[in-house]
Structure formats: structure tokens, C-alpha cells
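Raw work30.cif, mmCIF, C-alpha atoms:
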```
data_data
loop_
_atom_site.label_atom_id
_atom_site.label_comp_id
_atom_site.auth_asym_id
_atom_site.auth_seq_id
_atom_site.Cartn_x
_atom_site.Cartn_y
_atom_site.Cartn_z
CA MET A 539 144.70 139.32 127.42
CA THR A 540 143.49 142.84 126.70
CA PRO A 541 142.44 143.35 123.08
CA MET A 542 145.25 145.86 122.85
CA ALA A 543 147.89 143.34 123.96
CA ALA A 544 146.45 140.63 121.70
CA LYS A 545 146.50 143.02 118.77
CA LYS A 546 150.11 143.93 119.57
CA LEU A 547 151.18 140.29 119.58
CA SER A 548 149.65 139.53 116.18
CA GLU A 549 150.92 142.76 114.66
CA ASN A 550 154.50 142.52 115.82
CA PHE A 551 154.98 138.79 115.69
CA SER A 552 153.60 136.67 112.88
CA LYS A 553 151.89 133.36 113.55
CA SER A 554 154.80 131.61 111.83
CA LEU A 555 157.20 133.14 114.35
CA ILE A 556 155.05 132.01 117.29
CA ASP A 557 154.88 128.48 115.79
CA GLU A 558 158.64 128.50 115.39
CA VAL A 559 159.03 129.55 119.06
CA ARG A 560 156.86 126.58 120.08
CA LYS A 561 158.95 124.21 117.98
CA TRP A 562 162.29 125.42 119.34
CA GLY A 563 160.96 125.70 122.90
CA SER A 564 160.36 121.95 122.94
CA MET A 565 163.91 121.01 121.87
CA LYS A 566 166.45 119.75 124.37
CA GLN A 567 168.91 122.25 125.85
CA THR A 568 172.61 121.40 126.04
CA GLY A 569 174.49 122.40 129.19
CA VAL A 570 178.19 123.12 129.52
CA THR A 571 180.50 122.99 132.53
CA LEU A 572 182.84 125.65 133.85
CA ARG A 573 185.75 123.32 133.14
CA TYR A 574 184.64 122.77 129.55
CA MET A 575 184.24 126.51 128.94
CA MET A 576 187.70 127.07 130.39
CA GLU A 577 189.44 124.33 128.40
CA PHE A 578 187.66 125.19 125.16
CA GLY A 579 188.29 128.92 125.57
CA SER A 580 191.98 128.53 126.35
CA LYS A 581 192.57 128.09 122.59
CA PRO A 582 190.40 130.75 120.91
CA THR A 583 191.51 129.80 117.40
CA ASP A 584 189.33 130.84 114.45
CA ARG A 585 188.19 127.23 114.18
CA ASN A 586 187.16 127.08 117.84
CA MET A 587 185.33 130.41 117.61
CA LEU A 588 183.47 129.06 114.59
CA ILE A 589 182.46 125.91 116.52
CA SER A 590 181.39 128.05 119.48
CA ALA A 591 179.28 130.36 117.26
CA GLN A 592 177.64 127.38 115.55
CA PHE A 593 176.78 125.90 118.95
CA LEU A 594 175.27 129.21 120.15
CA HIS A 595 173.36 129.64 116.88
CA LYS A 596 171.49 126.45 117.71
CA GLU A 597 171.48 126.61 121.53
CA LEU A 598 170.44 130.21 122.21
CA PRO A 599 167.13 130.03 120.27
CA ILE A 600 166.18 126.91 122.28
CA ARG A 601 166.85 128.62 125.61
CA ILE A 602 165.25 131.91 124.60
CA ALA A 603 162.16 130.19 123.12
CA ARG A 604 161.59 128.34 126.39
CA ARG A 605 161.52 131.57 128.33
CA ALA A 606 159.32 133.33 125.78
CA LEU A 607 156.75 130.51 126.05
CA GLU A 608 156.83 130.59 129.83
CA LEU A 609 156.27 134.35 129.82
CA GLU A 610 152.94 133.70 128.04
CA THR A 611 151.52 131.39 130.72
CA LEU A 612 152.21 133.00 134.09
CA PRO A 613 149.61 132.76 136.88
CA SER A 614 147.32 135.56 138.14
CA GLY A 615 147.49 137.60 134.98
CA LEU A 616 151.20 138.39 135.41
CA SER A 617 151.71 137.68 131.69
CA GLN A 618 149.48 140.65 130.80
CA LYS A 619 151.31 143.24 132.88
CA PRO A 620 152.87 145.92 130.66
CA ALA A 621 156.38 145.35 132.03
CA VAL A 622 156.15 141.58 131.42
CA LEU A 623 154.83 142.11 127.87
CA LYS A 624 157.85 144.29 127.25
CA VAL A 625 160.23 141.56 128.46
CA ARG A 626 158.40 139.02 126.30
CA ASP A 627 158.88 141.29 123.27
CA TRP A 628 162.63 141.44 123.97
CA TYR A 629 162.78 137.63 124.04
CA LEU A 630 160.76 137.28 120.84
CA ASP A 631 162.90 139.92 119.08
CA SER A 632 166.06 138.06 120.12
CA PHE A 633 164.62 134.74 119.01
CA ARG A 634 163.78 136.26 115.62
CA ASP A 635 167.27 137.77 115.27
CA LEU A 636 168.90 134.41 115.97
CA ARG A 637 166.61 132.42 113.71
CA SER A 638 166.93 134.80 110.78
CA PHE A 639 170.72 134.70 110.94
CA PRO A 640 172.03 132.40 108.15
CA SER A 641 174.36 129.43 108.82
CA ILE A 642 177.78 130.39 110.11
CA ARG A 643 180.39 129.12 107.63
CA ASP A 644 183.47 131.28 107.94
CA LYS A 645 185.26 133.85 110.05
CA ASN A 646 183.25 136.77 108.65
CA ASP A 647 179.94 135.08 109.49
CA GLU A 648 181.28 134.37 112.95
CA LEU A 649 182.29 138.00 113.57
CA GLU A 650 178.89 139.23 112.38
CA PHE A 651 177.15 136.69 114.60
CA THR A 652 179.25 137.84 117.56
CA GLN A 653 178.15 141.46 117.02
CA MET A 654 174.52 140.36 116.90
CA ILE A 655 174.61 138.33 120.13
CA LYS A 656 176.41 141.25 121.78
CA MET A 657 173.40 143.40 120.84
CA ILE A 658 171.01 140.76 122.19
CA LYS A 659 172.82 140.83 125.51
CA VAL A 660 172.44 144.62 125.68
CA ARG A 661 168.74 144.38 124.76
CA HIS A 662 168.22 142.16 127.82
CA ASN A 663 170.21 144.31 130.27
CA ASN A 664 167.15 145.48 132.20
CA VAL A 665 165.19 142.23 132.32
CA VAL A 666 165.52 141.90 136.11
CA PRO A 667 164.22 145.36 137.12
CA MET A 668 161.58 145.14 134.39
CA MET A 669 160.29 141.80 135.74
CA ALA A 670 160.42 143.28 139.25
CA LEU A 671 158.23 146.07 137.97
CA GLY A 672 155.82 143.51 136.49
CA VAL A 673 155.54 141.70 139.84
CA GLN A 674 155.00 145.06 141.50
CA GLN A 675 152.25 145.95 138.99
CA LEU A 676 150.63 142.60 139.80
CA LYS A 677 150.85 143.04 143.56
CA LYS A 678 149.30 146.49 143.40
CA GLY A 679 146.14 145.12 141.84
CA MET A 680 145.95 141.95 143.91
CA ASP A 681 143.72 141.15 146.82
CA PRO A 682 146.27 140.74 149.64
CA LYS A 683 144.28 137.75 150.99
CA ILE A 684 144.76 135.49 147.95
CA VAL A 685 148.31 136.48 147.25
CA TYR A 686 150.33 133.58 148.56
CA GLU A 687 148.74 130.72 146.57
CA ASP A 688 149.97 131.91 143.19
CA LEU A 689 153.03 133.60 144.57
CA ASP A 690 154.84 130.34 145.08
CA GLU A 691 154.33 129.46 141.43
CA ILE A 692 155.55 132.93 140.42
CA HIS A 693 158.58 132.54 142.66
CA GLN A 694 159.50 129.20 141.08
CA PHE A 695 159.01 130.68 137.62
CA LEU A 696 161.34 133.59 138.45
CA ASP A 697 163.96 131.19 139.82
CA ARG A 698 163.90 129.25 136.53
CA PHE A 699 163.72 132.41 134.46
CA TYR A 700 166.67 134.15 136.15
CA MET A 701 168.74 130.97 136.29
CA SER A 702 168.26 130.54 132.57
CA ARG A 703 169.16 134.20 132.03
CA ILE A 704 172.43 133.72 133.93
CA GLY A 705 173.25 130.81 131.59
CA ILE A 706 172.36 132.71 128.41
CA ARG A 707 174.43 135.73 129.51
CA MET A 708 177.34 133.53 130.50
CA LEU A 709 177.38 131.79 127.10
CA ILE A 710 177.09 135.03 125.12
CA GLY A 711 179.52 136.92 127.37
CA GLN A 712 182.06 134.11 127.24
CA HIS A 713 181.97 133.92 123.45
CA VAL A 714 182.21 137.70 123.04
CA ALA A 715 185.02 138.03 125.62
CA LEU A 716 187.15 135.44 123.81
CA HIS A 717 187.45 138.02 121.00
CA GLU A 718 189.26 140.44 123.32
CA PRO A 719 192.39 141.44 121.33
CA ASN A 720 194.69 141.84 124.38
CA PRO A 721 193.46 139.30 126.91
CA VAL A 722 194.56 139.62 130.53
CA PRO A 723 196.83 136.70 131.50
CA ASP A 724 194.90 133.81 133.12
CA LEU A 725 191.58 135.29 132.04
CA ILE A 726 189.69 133.04 129.64
CA GLY A 727 186.66 135.06 128.61
CA TYR A 728 184.74 135.55 131.86
CA ILE A 729 186.66 132.84 133.70
CA HIS A 730 189.79 133.59 135.71
CA LYS A 731 192.04 130.54 136.02
CA LYS A 732 193.68 131.93 139.16
CA MET A 733 190.99 134.00 140.83
CA SER A 734 191.80 135.08 144.39
CA PRO A 735 188.54 134.95 146.37
CA MET A 736 190.15 137.22 148.98
CA GLU A 737 190.85 139.89 146.40
CA VAL A 738 187.39 139.73 144.83
CA ALA A 739 185.79 139.78 148.29
CA ARG A 740 187.85 142.82 149.21
CA ASN A 741 186.86 144.72 146.05
CA ALA A 742 183.20 143.81 146.37
CA SER A 743 183.06 144.79 150.03
CA GLU A 744 184.75 148.12 149.33
CA ASP A 745 182.09 148.79 146.68
CA ALA A 746 179.32 147.89 149.14
CA ARG A 747 180.92 150.07 151.80
CA ALA A 748 180.99 153.02 149.39
CA VAL A 749 177.24 152.59 148.80
CA CYS A 750 176.67 152.53 152.55
CA MET A 751 178.79 155.67 153.05
CA ARG A 752 176.80 157.45 150.36
CA GLN A 753 173.52 156.55 151.95
CA TYR A 754 174.28 156.89 155.66
CA GLY A 755 177.36 159.09 155.80
CA SER A 756 179.30 156.38 157.64
CA ALA A 757 179.82 152.62 157.42
CA PRO A 758 181.02 149.81 159.71
CA ASP A 759 184.49 148.38 159.18
CA ILE A 760 184.97 145.14 157.27
CA ASP A 761 187.60 142.57 158.31
CA ILE A 762 188.60 139.85 155.87
CA TYR A 763 190.35 136.64 156.94
CA GLY A 764 191.85 133.96 154.70
CA ASP A 765 194.88 133.09 152.60
CA PRO A 766 195.54 135.95 150.17
CA LYS A 767 197.68 133.65 147.98
CA PHE A 768 194.93 131.06 147.46
CA THR A 769 193.40 131.01 143.95
CA PHE A 770 191.01 128.77 142.00
CA PRO A 771 189.22 128.96 138.63
CA TYR A 772 185.93 130.86 138.77
CA VAL A 773 184.02 133.79 137.27
CA PRO A 774 185.10 136.90 139.22
CA SER A 775 182.10 138.98 138.09
CA HIS A 776 179.69 136.39 139.55
CA LEU A 777 181.55 136.27 142.86
CA HIS A 778 181.64 140.06 142.98
CA ILE A 779 177.84 140.27 142.62
CA MET A 780 177.29 137.73 145.40
CA VAL A 781 179.71 139.17 147.94
CA PHE A 782 178.57 142.72 147.17
CA GLU A 783 174.94 141.79 147.95
CA LEU A 784 175.73 139.93 151.16
CA VAL A 785 178.04 142.63 152.50
CA LYS A 786 175.61 145.38 151.52
CA ASN A 787 172.84 143.67 153.52
CA SER A 788 175.13 143.22 156.52
CA LEU A 789 176.30 146.83 156.42
CA ARG A 790 172.73 148.03 156.29
CA ALA A 791 171.67 145.86 159.23
CA VAL A 792 174.60 146.98 161.41
CA GLN A 793 174.24 150.62 160.37
CA GLU A 794 170.51 150.67 161.18
CA ARG A 795 171.04 148.90 164.48
CA PHE A 796 173.81 151.20 165.73
CA MET A 797 172.70 154.43 164.10
CA ASN A 798 171.51 156.13 167.28
CA SER A 799 173.85 154.36 169.64
CA ASP A 800 177.09 155.73 171.08
CA LYS A 801 178.71 152.30 170.71
CA VAL A 802 181.14 151.77 167.84
CA PRO A 803 179.35 149.55 165.29
CA PRO A 804 180.95 146.08 165.28
CA PRO A 805 182.82 145.20 162.08
CA ILE A 806 181.50 142.81 159.46
CA ARG A 807 183.72 139.76 159.21
CA ILE A 808 184.40 137.88 156.00
CA ILE A 809 186.14 134.52 156.21
CA VAL A 810 187.39 132.70 153.11
CA ALA A 811 188.02 128.97 153.55
CA ASP A 812 189.45 126.70 150.88
CA GLY A 813 188.27 123.11 151.13
CA ILE A 814 188.88 120.28 148.69
CA GLU A 815 185.40 120.38 147.12
CA ASP A 816 184.22 123.84 148.07
CA VAL A 817 185.53 127.31 148.64
CA THR A 818 183.30 128.84 151.31
CA ILE A 819 182.97 132.52 152.05
CA LYS A 820 181.23 133.45 155.27
CA VAL A 821 179.89 136.95 155.83
CA SER A 822 179.05 137.59 159.50
CA ASP A 823 177.43 140.62 161.02
CA GLU A 824 176.08 141.72 164.37
CA GLY A 825 173.19 143.62 162.87
CA GLY A 826 170.51 142.13 165.11
CA GLY A 827 169.56 139.18 162.91
CA ILE A 828 166.25 138.19 161.39
CA PRO A 829 163.45 136.27 163.11
CA ARG A 830 163.33 132.66 161.94
CA SER A 831 159.83 133.19 160.57
CA GLY A 832 161.23 135.88 158.28
CA LEU A 833 164.06 133.82 156.80
CA PRO A 834 162.10 132.27 153.90
CA ARG A 835 161.11 135.75 152.79
CA ILE A 836 164.75 136.66 152.20
CA PHE A 837 164.82 134.34 149.23
CA THR A 838 161.54 135.38 147.62
CA TYR A 839 161.18 137.87 144.81
CA LEU A 840 157.88 139.06 146.10
CA TYR A 841 158.98 140.89 149.15
CA SER A 842 161.39 143.73 149.37
CA THR A 843 162.57 145.88 152.21
CA ALA A 844 162.12 148.76 149.78
CA GLU A 845 158.50 148.18 148.82
CA ASN A 846 158.09 151.76 147.66
CA LEU A 847 161.21 151.89 145.55
CA LEU A 848 159.49 150.85 142.36
CA ASP A 849 156.65 153.29 142.98
CA LEU A 850 159.21 156.05 142.79
CA LEU A 851 160.57 154.76 139.51
CA ASP A 852 158.71 155.11 136.30
CA GLU A 853 159.52 152.76 133.47
CA ASP A 854 162.01 155.17 131.94
CA ALA A 855 163.99 155.49 135.13
CA LEU A 856 164.66 151.77 135.15
CA GLY A 857 167.52 152.10 132.74
CA THR A 858 169.47 154.55 134.84
CA GLY A 859 171.55 152.22 137.01
CA ASP A 860 170.22 154.03 140.06
CA MET A 861 169.37 150.66 141.51
CA MET A 862 172.46 150.50 143.63
CA THR A 863 170.71 151.99 146.65
CA MET A 864 171.04 150.05 149.87
CA ALA A 865 167.69 148.31 149.78
CA GLY A 866 167.65 147.73 146.05
CA TYR A 867 164.55 145.96 144.90
CA GLY A 868 164.90 142.93 147.12
CA TYR A 869 166.31 140.64 144.45
CA GLY A 870 169.95 140.62 145.49
CA ILE A 871 169.79 137.57 147.74
CA PRO A 872 167.67 135.19 145.65
CA ILE A 873 169.65 136.09 142.53
CA SER A 874 172.96 135.64 144.37
CA ARG A 875 171.82 132.15 145.33
CA LEU A 876 171.16 131.41 141.64
CA TYR A 877 174.67 132.61 140.70
CA ALA A 878 176.10 130.28 143.35
CA ARG A 879 174.00 127.34 142.15
CA TYR A 880 174.79 127.98 138.49
CA PHE A 881 178.26 126.50 138.93
CA GLY A 882 177.28 123.90 141.53
CA GLY A 883 177.54 126.00 144.71
CA ASP A 884 174.90 127.35 147.10
CA LEU A 885 174.04 130.16 149.48
CA GLN A 886 172.72 129.59 152.99
CA ILE A 887 171.72 132.15 155.56
CA ILE A 888 171.64 131.42 159.27
CA SER A 889 170.41 134.06 161.64
CA MET A 890 170.47 134.62 165.39
CA GLU A 891 167.61 136.94 166.15
CA GLY A 892 168.80 139.60 168.61
CA TYR A 893 172.42 139.21 167.54
CA GLY A 894 173.24 138.94 163.84
CA THR A 895 173.33 136.94 160.64
CA ASP A 896 175.84 134.59 159.01
CA ALA A 897 175.71 133.99 155.27
CA TYR A 898 177.61 131.00 153.90
CA LEU A 899 178.46 131.20 150.23
CA HIS A 900 179.66 127.82 148.93
CA LEU A 901 181.44 127.76 145.57
CA SER A 902 182.24 124.47 143.91
CA ARG A 903 185.94 124.15 143.32
CA LEU A 904 185.78 121.28 140.89
CA GLY A 905 184.20 123.14 137.99
CA ASP A 906 182.63 120.03 136.51
CA SER A 907 179.01 120.36 137.60
CA GLN A 908 176.59 120.68 134.65
CA GLU A 909 174.77 124.00 134.15
CA PRO A 910 171.27 123.78 135.65
CA LEU A 911 168.89 123.92 132.67
CA PRO A 912 165.39 124.97 133.75
#
```
As C-alpha cells, please, write out the structure in this file.
Amino acid sequence: MTPMAAKKLSENFSKSLIDEVRKWGSMKQTGVTLRYMMEFGSKPTDRNMLISAQFLHKELPIRIARRALELETLPSGLSQKPAVLKVRDWYLDSFRDLRSFPSIRDKNDELEFTQMIKMIKVRHNNVVPMMALGVQQLKKGMDPKIVYEDLDEIHQFLDRFYMSRIGIRMLIGQHVALHEPNPVPDLIGYIHKKMSPMEVARNASEDARAVCMRQYGSAPDIDIYGDPKFTFPYVPSHLHIMVFELVKNSLRAVQERFMNSDKVPPPIRIIVADGIEDVTIKVSDEGGGIPRSGLPRIFTYLYSTAENLLDLLDEDALGTGDMMTMAGYGYGIPISRLYARYFGGDLQIISMEGYGTDAYLHLSRLGDSQEPLP
């Protein structure tokens, strides 16, 4: 640790706070299921909101402390990178806010607590690009020959870290959304009891197509097949993120492959299938595919098709939401897989080099798998 960084830690965060983080970071986390969140949230009475706030008051510090501790002990000096120190400060600030909040005894306490966790969620908005910047800062200074030993450990850390972040944001977002004064019918916080995967897939693919149009001036067509009347309980915002990423990648591959060709680019096909256990969404393109040796790299955080993107961004630019460009910072696919796994699903990518790629997004229909708790 540079003397500067060490000094910063002791100045900003007292030893008692760091001890407290260690204590809470060793406590057991408590997971919830989609079904439980849905049943509990369907009656957002004052009493239930109080119970929910009391649960979060104890649970969030445990989850946040775990991440703060892990941020201290990353391999290859990643913990010392300025961007990572900044993320660690956000986690420690949030831990301190939660721990200094008194017990929640009545409706007023609960409303105040809700405002505070809303602020915590905003504070952490840019964690993903900020961590991406940290990895980038690390890679710049690294000897390319030794990279891959530690990289696997960093990759596994980021999987745990982002999975945990999805859980924290789901719990906060769900609690906050239950306060919505005029709730949409069938929407329980973040969870839609009758979500149509066809409709979400259509919206997400139109968004991805708009990004492609902006970047290339044209975009392949997208055909969607499935039963438009079919619905099941799920979190539409999560599904939107996943389909958007997959379709965006397919559009880019097809667009790049057919850019200088006089052939009409073949459409991207989305198929929604409803099984008993799983709802599966397949996104198929004829964008030329990926060599089999390159497939593992799709799921790593340490490789991006837009290697230079973060060089162009300084730290201040990270907040600007300009990250919707086609290549992004290479995190879309691994993070989409975490969203799928969070509620017991998965994401698989099968490629035919020389032809195209099929992505299979499996979503668990049952809603009773436990949150993964890294």
C-alpha cells in the first residue's frame, strides 16, 4: 500500500470501524428466494415494511462488510489501484451509514431508513465501470507474460463481487419500490407477477437496435418467435439487461460481417420457449461466430473488444452513462450470466465459427432457488 493510501485509510476510517467491518464480515448471510420476495411484498403493510427494514438493517452490513474486506486483499496489487480504493471507500461509507443508523422501531424510522438505503444504492451506481477501470489500471502496469496466473483469481473475485452486488441492489430496490404510492398492477416492487418474456425481449432488442443504428447507421432486422400471451413471475429489469446485451452483441457481429457486402444482412432470431422448469430465450445470429478457443474469453472481465475504451475515459467521464456504445467495456456477457444465475437460471453460448452464434438464456420458472451468497 502506498503511504498515501495507508494514510487515507486511517484518516477516513477509524480502527474501530475497520474492526467492526471484520466482525460483521464474518457473520452468516441470509438469502431470500424470488417467491418469498413476491409473497412478502404482495402485502406491503406498515408492519411488513418494518420487518423488511429490520431485516435489511442487519443483513446489508453483513453483505457490504464481506465485499469491503475482499477489496482489501486482491491479488497483484489490484487493491491499491486508485479506482479500487474509491470503490472500497464507497463500501466502507455505506457500512458506516448502516451501522450508525439506530434500531428501527416505527414507521418514521422505517421511512428514514428507506431514504438512507436509497442513497446507498445511488452511491454504488458506478461500481461496475469503476472496477473495470481498476482492472484496466492493473493491466496497464502488468507484465503481459505473468498476467494469466492471477487473472483467474481476479475473475473469480469479480464474479463473487458482482453477484453480491446484484443481491444487495435487488434487496434495496425491492424494499424501496414497495413504497411506490401508485403501484402498477401485478408489479410487486421489482418483480412482475405476469411478465411477458416476449414483450421484454421485444423492448430490449429495440433498444439494442437503436444503439446499433446510432453507431453504424443501419441495423439487421430482429425476428421474435414465441407465445405473446405467455407470462411468468420474474424481474423485468434483469431480463431486459440480459436480452439487451445478447442482442447487441449479435447485431454488432452481423453488422461487422455484412458491412461491405451487397447481401442483405440476415436477421437475428429470438425464440422464447416456455418449459415446466425453465423459460429459455435463444438469441441466434449469423455473424460469423467465434472460434472455440475464444469462447472462454467471452465470460472473462479481463478482456474486452473495446480495449481502448477506458483509455478514452477519464474518471470523471465514468458517470456519464456514455457506456452504451456497442462494444461497451466487455462486461455485458459475464454480468448477464450472473443475473441469470441469481434466480437459478444460466447463460450458455454455443458458436459455429464461420457461421454464427447461439446464446441460450435459461430462466428458472419456479422462483424458489435460494440467492447465491458469495
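Considering the residues A:Ser874, A:Gln592, A:Gln675, A:Ser822 and counting all atoms listed in the file, His713 in chain A has its shortest atom-to-atom contact with A:Gln592.
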Suppose a student applies the PyMOL selection byres ((chain A and resi 901-906) around 6) to this structure; what residues should they get, written as a compact mmCIF listing (two decimals) with C-alpha atoms, in the frame of the given file?
```
# COMPACT_ATOMS: atom_id res chain seq x y z
CA THR A 571 180.50 122.99 132.53
CA LEU A 572 182.84 125.65 133.85
CA ARG A 573 185.75 123.32 133.14
CA GLU A 815 185.40 120.38 147.12
CA ASP A 816 184.22 123.84 148.07
CA VAL A 817 185.53 127.31 148.64
CA GLY A 882 177.28 123.90 141.53
CA GLY A 883 177.54 126.00 144.71
CA HIS A 900 179.66 127.82 148.93
CA SER A 907 179.01 120.36 137.60
```
Just want the 7 Å neighbourhood of range 685-701 of chain A, counted on all atoms listed in the file, with same-chain residues fewer than 6 positions away dropped. Output as an NGL selection string. :A and (605 or 613-614 or 838-839 or 876 or 912)
Residue IDs satisfying the PyMOL selection byres ((chain A and resi 829) around 9), as a short mmCIF file (atom, residue, chain, number, x, y, z; two decimals) with C-alpha atoms, in the frame of the given file:
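Final output, saved to expr.cif:
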```cif
data_model
loop_
_atom_site.label_atom_id
_atom_site.label_comp_id
_atom_site.auth_asym_id
_atom_site.auth_seq_id
_atom_site.Cartn_x
_atom_site.Cartn_y
_atom_site.Cartn_z
CA GLY A 827 169.56 139.18 162.91
CA ILE A 828 166.25 138.19 161.39
CA ARG A 830 163.33 132.66 161.94
CA SER A 831 159.83 133.19 160.57
CA GLY A 832 161.23 135.88 158.28
CA LEU A 833 164.06 133.82 156.80
CA SER A 889 170.41 134.06 161.64
CA MET A 890 170.47 134.62 165.39
CA GLU A 891 167.61 136.94 166.15
CA GLY A 892 168.80 139.60 168.61
#
```
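Look at range 767-783 of chain A: the protein and nucleic acid residues within 8 Å of it, using all atoms listed in the file and passing over chain neighbours fewer than 3 places away, are Leu572, Tyr728, Ile729, His730, Lys731, Lys732, Met733, Ser734, Pro735, Met736, Val738, Ala739, Asn741, Ala742, Ser743, Asp745, Ala746, Lys786, Asn787, Asp812, Gly870, Ile871, Ser874, Arg875, Tyr877, Ala878, Arg903 and Gly905 of chain A.
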Create the file for the chosen residues now, containing C-alpha atoms and written as a PDB file, in the coordinates of the input.
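Result written to again_8.pdb:
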```
ATOM      1  CA  LEU A 572     182.840 125.650 133.850  1.00  0.00           C
ATOM      2  CA  TYR A 728     184.740 135.550 131.860  1.00  0.00           C
ATOM      3  CA  ILE A 729     186.660 132.840 133.700  1.00  0.00           C
ATOM      4  CA  HIS A 730     189.790 133.590 135.710  1.00  0.00           C
ATOM      5  CA  LYS A 731     192.040 130.540 136.020  1.00  0.00           C
ATOM      6  CA  LYS A 732     193.680 131.930 139.160  1.00  0.00           C
ATOM      7  CA  MET A 733     190.990 134.000 140.830  1.00  0.00           C
ATOM      8  CA  SER A 734     191.800 135.080 144.390  1.00  0.00           C
ATOM      9  CA  PRO A 735     188.540 134.950 146.370  1.00  0.00           C
ATOM     10  CA  MET A 736     190.150 137.220 148.980  1.00  0.00           C
ATOM     11  CA  VAL A 738     187.390 139.730 144.830  1.00  0.00           C
ATOM     12  CA  ALA A 739     185.790 139.780 148.290  1.00  0.00           C
ATOM     13  CA  ASN A 741     186.860 144.720 146.050  1.00  0.00           C
ATOM     14  CA  ALA A 742     183.200 143.810 146.370  1.00  0.00           C
ATOM     15  CA  SER A 743     183.060 144.790 150.030  1.00  0.00           C
ATOM     16  CA  ASP A 745     182.090 148.790 146.680  1.00  0.00           C
ATOM     17  CA  ALA A 746     179.320 147.890 149.140  1.00  0.00           C
ATOM     18  CA  LYS A 786     175.610 145.380 151.520  1.00  0.00           C
ATOM     19  CA  ASN A 787     172.840 143.670 153.520  1.00  0.00           C
ATOM     20  CA  ASP A 812     189.450 126.700 150.880  1.00  0.00           C
ATOM     21  CA  GLY A 870     169.950 140.620 145.490  1.00  0.00           C
ATOM     22  CA  ILE A 871     169.790 137.570 147.740  1.00  0.00           C
ATOM     23  CA  SER A 874     172.960 135.640 144.370  1.00  0.00           C
ATOM     24  CA  ARG A 875     171.820 132.150 145.330  1.00  0.00           C
ATOM     25  CA  TYR A 877     174.670 132.610 140.700  1.00  0.00           C
ATOM     26  CA  ALA A 878     176.100 130.280 143.350  1.00  0.00           C
ATOM     27  CA  ARG A 903     185.940 124.150 143.320  1.00  0.00           C
ATOM     28  CA  GLY A 905     184.200 123.140 137.990  1.00  0.00           C
TER      29      GLY A 905
END
```
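Within the 10 Å cut-off around Lys619 in chain A, using all atoms listed in the file and omitting residues fewer than 2 positions from it on the same chain, the listed residues are Met539, Thr540, Ala543, Gly615, Leu616, Ser617, Ala621, Val622, Leu623, Lys624, Met669, Leu671, Gly672, Val673, Gln674, Gln675 and Leu676 of chain A.
Proximity to Arg637 in chain A was assessed for A:Arg601, A:Arg879, A:Arg740, A:His595 counting all atoms listed in the file; the smallest distance is recorded for A:His595.
Remark: for Lys645 in chain A, the closest of the candidate residues A:Leu555, A:Ile706, A:Val722, A:Leu588 is A:Leu588 (distances computed over all atoms listed in the file).
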Quick one: pull the distance between CA of Gln753 in chain A and CA of Met668 in chain A, Å, one decimal. 24.1 Å
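Residue nearest Arg585 in chain A within the list A:Arg643, A:Lys801, A:Arg752, A:Arg790: A:Arg643 [criterion: smallest interatomic distance, all atoms listed in the file].
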Atom pair CA of Leu911 in chain A / CA of Val810 in chain A: separation (Å): 28.9 Å
